[in-house]
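Here is the structure we will look at, set down as structure tokens.
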2 protein chains.
Amino acid sequence: MSLPVRNAIRQITGYAPGEQPQDSGWVKLNTNENPYSPSPHVVDAIRKAASSQLNVYPDGMATPFRRAAAELFNVDPDWILPANGSDENLTIIVRTACDPGQLIAYPYPSYILYETLAHIQDCQVKRLALNDSFAWSLDDAAQLRKRARVFFVPNPNSPTGNVWPADLLLDLLPDDGLLVLDEAYADFMNTPHRGELLHDKRFDQRLVITRTLSKSYSLAGIRFGFSIAHPDLTAQMLKAKDSYNCDAVSIAAATAAIQDQDWMLSNRAKILATRNRLAGQLIPLGFTAYDSEANFIWTQHESGQHQRIYEELKMRRVLVRYIQFPEAGHDGGVLEGLRITVGTDAEIDRLLDALKECINNL
Amino acid sequence: MSLPVRNAIRQITGYAPGEQPQDSGWVKLNTNENPYSPSPHVVDAIRKAASSQLNVYPDGMATPFRRAAAELFNVDPDWILPANGSDENLTIIVRTACDPGQLIAYPYPSYILYETLAHIQDCQVKRLALNDSFAWSLDDAAQLRKRARVFFVPNPNSPTGNVWPADLLLDLLPDDGLLVLDEAYADFMNTPHRGELLHDKRFDQRLVITRTLSKSYSLAGIRFGFSIAHPDLTAQMLKAKDSYNCDAVSIAAATAAIQDQDWMLSNRAKILATRNRLAGQLIPLGFTAYDSEANFIWTQHESGQHQRIYEELKMRRVLVRYIQFPEAGHDGGVLEGLRITVGTDAEIDRLLDALKECINNL
């Protein structure tokens, strides 16, 4: 007999994250990890937690983290919902707001996981087409905001690192739904912010901001994210999370990380400097370098041979992300290119050397 | 305007786990934690992980853990699905198997979380009534197995610690659905097993076993569980999990824990000895002591004043679980009693002293 599995699950292939080689020796510039170590206070906190009472359940509300994040964003702790990675925040949002059949919208090209989350919940998905300047048509936006229950908007966006300002984001606030700003990369913006939009009356308490410690805080390995939203909405979202969704060790690590702003900002400054250098050095090699406010650069080569360049780099143990977006752009064609994470200067030097070899061999 | 929240979420209150006092000095016998520390190898593994590359994403499949668990249960690794606590396994199972409106069944009284999970997914819930001997009627079981998409069965059950044998469990295998044996307490059974039922043809690949490291491995604080099921089913469930649902530190901790069977078994032996002692000493105080194969005892006092006893104990900084099950038993009345976790001998001595005081004051 056939397995009792929902059609919604049977029909999807599942989200495929970037390659994670388990052996060493790679220059890994494919999943937007931070090349620098987390704060030494994080390491201390984990070591201390190792000897704490791991036999008892953790604080289900991650109270110390909630307080620290609330202070940083100038809200009360009941605005903060900690999660096992901000991907879990996105799942919680979908399960809180969207019944099957309702519409989830997102700008395209951007983060394809939104589509997977919609499929799992058996929701409709509509893409808001971005043109070559990564802007949308007002008509398209107006159509979608009428029907969307959740509008996911990564800001800065991936793969380009472009940022949409508040006035444009208002175009995407659903009439009867949530606008979710996925701010995984917000700490790398040229002018970082601390969620001031949450207090902008025009967004009418239907705004959710998600943040992660994976990128700017160098903690992809510990899985910690959080959302910031009006307490009434956060109270509803809490019902859709597991009672103990964050463990004692990662709560300690995340709290220590967010309390060491100097460490994060110092790494951020290094990454922004390297980002500028990388952008400048890509151009003479025949690449474009999209003006990014994240820790990666979206680039296309005049040869158009992106897959080949990706493979040639991989042979040299340099991993970048080769991405194809079907049905993209104003002409509905395939948009393809390379998304390169901003690593250390030494890593970017190795990348540039390898790129030069690749280009010469094309 | 009203918040865009699903009715399914709006209508529930959310699962309320047992109290977790954050101050010290408590004898905490209310959430079935293991009173003993995890293996020293776990502590070492966490310390080592603290200095590993926490800036990169963890192994999304928790491969070392999968291999270790597979070896223990004598299956291939593709039978194992690691999760952020076995509660996450339960969520993944519901999202894989159950469309809204479909039926989730479970024996009652047992673990109320199953009902919350059903509500979040907008599923129907039906309880299989247990009689005073915690057995069910064959007619009731036959009705439910016809329609259930998932039948959750905690085995050993909570709050009683009773175990149902395989022949009885077959009564609950849905005609077109999954039988999920929630074996959170299975290591405390008088005769532990290693998932042999998974290879019993009568269960027709529609059996899922869930296990947790929270109880027998003393790791409630790190959140780690896993399911064991046929690879075809596991492959479908993988689509419903977050890509990186387990973090690098907890993967290291869980792998070290499951590889140190001697440590777990030694703590198990202590807990079983204390369980017998506790049961024997409850009787002369006018309590029943249900014959438990888990790390807790379900007890009722001849006075019937369970809430008062719970409160009197709490005043003495001894926490037990006072539980009321409405509409329970053959008469549909309220079943109430105390569920007492088996702590250390010293903790149980403090409990017994406090109980004697309480009883004298009734």
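Ordered as shown in the structure tokens, chains take letters A, B, and onward, while each chain numbers its residues from 1 and ligands are numbered from 1 in the order shown.
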Subject >> Proximal residues of chain B relative to chain A (only C-alpha atoms; 6 Å) as a list in words >> reply: Pro4, Val5, Arg6, Gly14, Glu33, Asn34, Val43, Ile46, Arg47, Ala50, Leu54, Asn55, Val56, Tyr57, Pro58, Thr96, Ala97, Gly177, Ser218, Leu219, Ala220, Gly221, Ile222, Arg223, Lys239, Asp247 and Ala248 of chain B
Subject >> alpha helix (DSSP H) residues, from DSSP on the backbone, in range 176-337 of chain A, as JSON, numbers by chain >> reply: {"A": [231, 232, 233, 234, 235, 236, 237, 238, 248, 249, 250, 251, 252, 253, 254, 255, 256, 257, 258, 261, 262, 263, 264, 265, 266, 267, 268, 269, 270, 271, 272, 273, 274, 275, 276, 277, 278, 279, 280, 281, 282, 306, 307, 308, 309, 310, 311, 312, 313, 314, 315]}
Expected file contents, prior selection, C-alpha atoms, as a tab-separated table (two decimals), in the first residue's frame:
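The resulting file, again_25.tsv, is reproduced below:
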chain	number	residue	atom	x	y	z
A	231	PRO	CA	3.31	41.52	21.52
A	232	ASP	CA	-0.24	40.61	20.48
A	233	LEU	CA	1.09	38.95	17.36
A	234	THR	CA	4.09	37.43	19.16
A	235	ALA	CA	1.71	35.89	21.72
A	236	GLN	CA	-0.12	34.11	18.91
A	237	MET	CA	3.12	32.93	17.30
A	238	LEU	CA	4.28	31.49	20.61
A	248	ALA	CA	20.34	25.73	27.08
A	249	VAL	CA	23.74	25.88	25.36
A	250	SER	CA	22.59	27.89	22.37
A	251	ILE	CA	20.61	30.29	24.58
A	252	ALA	CA	23.82	30.96	26.54
A	253	ALA	CA	25.83	31.34	23.33
A	254	ALA	CA	23.32	33.63	21.63
A	255	THR	CA	22.96	35.83	24.69
A	256	ALA	CA	26.71	36.26	24.97
A	257	ALA	CA	26.96	37.00	21.24
A	258	ILE	CA	24.29	39.69	21.11
A	261	GLN	CA	28.23	44.30	19.90
A	262	ASP	CA	31.82	45.49	19.63
A	263	TRP	CA	32.96	42.08	18.38
A	264	MET	CA	30.19	41.88	15.81
A	265	LEU	CA	30.75	45.44	14.60
A	266	SER	CA	34.47	44.90	14.29
A	267	ASN	CA	33.93	41.83	12.08
A	268	ARG	CA	31.28	43.72	10.13
A	269	ALA	CA	33.77	46.51	9.41
A	270	LYS	CA	36.32	44.02	8.11
A	271	ILE	CA	33.72	42.36	5.90
A	272	LEU	CA	32.53	45.67	4.46
A	273	ALA	CA	36.13	46.66	3.62
A	274	THR	CA	36.76	43.31	1.93
A	275	ARG	CA	33.42	43.58	0.11
A	276	ASN	CA	34.54	46.85	-1.46
A	277	ARG	CA	37.89	45.40	-2.41
A	278	LEU	CA	36.30	42.31	-3.97
A	279	ALA	CA	33.84	44.40	-5.96
A	280	GLY	CA	36.68	46.57	-7.29
A	281	GLN	CA	38.77	43.60	-8.34
A	282	LEU	CA	35.99	41.69	-10.05
A	306	HIS	CA	28.75	30.84	-14.91
A	307	GLN	CA	28.34	27.13	-14.39
A	308	ARG	CA	31.73	26.46	-15.93
A	309	ILE	CA	33.38	29.11	-13.74
A	310	TYR	CA	31.70	27.62	-10.67
A	311	GLU	CA	33.00	24.16	-11.59
A	312	GLU	CA	36.50	25.38	-12.37
A	313	LEU	CA	36.59	27.14	-9.01
A	314	LYS	CA	35.37	24.00	-7.27
A	315	MET	CA	38.19	21.99	-8.85
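Every protein or nucleic acid residue with an atom no more than 9 Å from Tyr108 in chain A, counting only C-alpha atoms and leaving out same-chain residues fewer than 5 positions away, appears here: A:Arg127, A:Leu128, A:Ala129, A:Leu130, A:Phe134, A:Phe325, A:Ala328, A:Gly329.
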Residues just named, written with C-alpha atoms as a PDB file, in the first residue's frame:
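For reference, out21.pdb as written:
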ATOM      1  CA  ARG A 127       6.200  35.713  -7.050  1.00  0.00           C
ATOM      2  CA  LEU A 128       6.487  39.461  -7.345  1.00  0.00           C
ATOM      3  CA  ALA A 129       8.689  39.824 -10.426  1.00  0.00           C
ATOM      4  CA  LEU A 130      11.728  42.027  -9.980  1.00  0.00           C
ATOM      5  CA  PHE A 134      15.470  44.638  -8.739  1.00  0.00           C
ATOM      6  CA  PHE A 325      16.550  31.547 -11.417  1.00  0.00           C
ATOM      7  CA  ALA A 328      13.139  35.689 -14.013  1.00  0.00           C
ATOM      8  CA  GLY A 329      13.570  39.264 -15.129  1.00  0.00           C
TER       9      GLY A 329
END
Original post:
In range 84-272 of chain A, what's strand (DSSP E or B) per DSSP? Answer as a PyMOL selection string?
Top reply: chain A and resi 103-108+124-129+148-154+178-182+207-212+225-228
Those same residues, written as a tab-separated table (two decimals), in the first residue's frame with N, CA and C atoms?
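Output saved as result_35.tsv:
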chain	number	residue	atom	x	y	z
A	103	LEU	N	-2.56	32.77	0.34
A	103	LEU	CA	-1.47	33.17	-0.55
A	103	LEU	C	-0.25	33.66	0.22
A	104	ILE	N	0.90	33.13	-0.18
A	104	ILE	CA	2.19	33.64	0.29
A	104	ILE	C	2.90	34.26	-0.91
A	105	ALA	N	3.36	35.49	-0.74
A	105	ALA	CA	4.01	36.19	-1.84
A	105	ALA	C	5.43	36.54	-1.45
A	106	TYR	N	6.27	36.69	-2.46
A	106	TYR	CA	7.64	37.13	-2.19
A	106	TYR	C	8.24	37.66	-3.48
A	107	PRO	N	9.19	38.59	-3.36
A	107	PRO	CA	9.85	39.10	-4.55
A	107	PRO	C	10.74	38.02	-5.15
A	108	TYR	N	10.87	38.03	-6.45
A	108	TYR	CA	11.64	37.00	-7.13
A	108	TYR	C	12.51	37.66	-8.17
A	124	GLN	N	-0.91	28.72	-1.57
A	124	GLN	CA	-0.53	29.24	-2.89
A	124	GLN	C	0.73	30.09	-2.75
A	125	VAL	N	1.50	30.15	-3.83
A	125	VAL	CA	2.66	31.05	-3.84
A	125	VAL	C	2.58	31.91	-5.08
A	126	LYS	N	2.83	33.18	-4.92
A	126	LYS	CA	2.98	34.06	-6.08
A	126	LYS	C	4.27	34.84	-5.92
A	127	ARG	N	4.95	34.96	-7.03
A	127	ARG	CA	6.20	35.71	-7.05
A	127	ARG	C	5.93	37.13	-7.54
A	128	LEU	N	6.51	38.09	-6.86
A	128	LEU	CA	6.49	39.46	-7.35
A	128	LEU	C	7.74	39.65	-8.20
A	129	ALA	N	7.54	39.78	-9.51
A	129	ALA	CA	8.69	39.82	-10.43
A	129	ALA	C	9.51	41.09	-10.20
A	148	ALA	N	-2.37	38.62	-0.42
A	148	ALA	CA	-1.35	37.88	0.33
A	148	ALA	C	-1.67	37.84	1.82
A	149	ARG	N	-1.50	36.66	2.40
A	149	ARG	CA	-1.63	36.52	3.84
A	149	ARG	C	-0.29	36.79	4.51
A	150	VAL	N	0.76	36.40	3.83
A	150	VAL	CA	2.11	36.74	4.28
A	150	VAL	C	2.91	37.18	3.06
A	151	PHE	N	3.59	38.31	3.19
A	151	PHE	CA	4.51	38.77	2.14
A	151	PHE	C	5.90	38.71	2.74
A	152	PHE	N	6.71	37.76	2.25
A	152	PHE	CA	8.09	37.64	2.72
A	152	PHE	C	8.99	38.53	1.88
A	153	VAL	N	9.77	39.37	2.52
A	153	VAL	CA	10.69	40.25	1.80
A	153	VAL	C	12.06	40.22	2.49
A	154	PRO	N	13.05	39.60	1.83
A	154	PRO	CA	14.39	39.64	2.41
A	154	PRO	C	14.98	41.01	2.16
A	178	LEU	N	0.46	39.75	6.88
A	178	LEU	CA	1.70	40.21	7.51
A	178	LEU	C	2.76	40.53	6.46
A	179	LEU	N	3.49	41.59	6.71
A	179	LEU	CA	4.71	41.85	5.96
A	179	LEU	C	5.87	41.37	6.82
A	180	VAL	N	6.62	40.41	6.30
A	180	VAL	CA	7.74	39.84	7.05
A	180	VAL	C	9.04	40.28	6.41
A	181	LEU	N	9.78	41.10	7.12
A	181	LEU	CA	11.09	41.52	6.63
A	181	LEU	C	12.14	40.56	7.18
A	182	ASP	N	12.69	39.77	6.29
A	182	ASP	CA	13.71	38.80	6.66
A	182	ASP	C	15.05	39.52	6.61
A	207	LEU	N	3.71	44.09	10.90
A	207	LEU	CA	5.09	43.95	10.44
A	207	LEU	C	5.82	42.98	11.37
A	208	VAL	N	6.53	42.03	10.78
A	208	VAL	CA	7.40	41.14	11.55
A	208	VAL	C	8.80	41.26	10.98
A	209	ILE	N	9.77	41.45	11.86
A	209	ILE	CA	11.16	41.45	11.44
A	209	ILE	C	11.81	40.17	11.96
A	210	THR	N	12.55	39.47	11.10
A	210	THR	CA	13.31	38.33	11.59
A	210	THR	C	14.80	38.62	11.47
A	211	ARG	N	15.52	38.13	12.45
A	211	ARG	CA	16.97	38.29	12.50
A	211	ARG	C	17.61	36.94	12.82
A	212	THR	N	18.86	36.80	12.46
A	212	THR	CA	19.57	35.56	12.75
A	212	THR	C	20.92	35.88	13.37
A	225	GLY	N	17.83	32.27	15.90
A	225	GLY	CA	17.24	33.43	15.26
A	225	GLY	C	16.15	33.97	16.16
A	226	PHE	N	15.58	35.08	15.77
A	226	PHE	CA	14.45	35.62	16.54
A	226	PHE	C	13.61	36.51	15.66
A	227	SER	N	12.36	36.68	16.08
A	227	SER	CA	11.50	37.64	15.40
A	227	SER	C	11.18	38.77	16.36
A	228	ILE	N	10.86	39.92	15.78
A	228	ILE	CA	10.44	41.09	16.55
A	228	ILE	C	9.11	41.52	15.96
**OP:** Return the single residue from A:Ala166, A:Ile297, A:Val75, A:Leu90 that is closest to Leu197 in chain A, with distances computed using only C-alpha atoms.
**Re:** A:Ala166
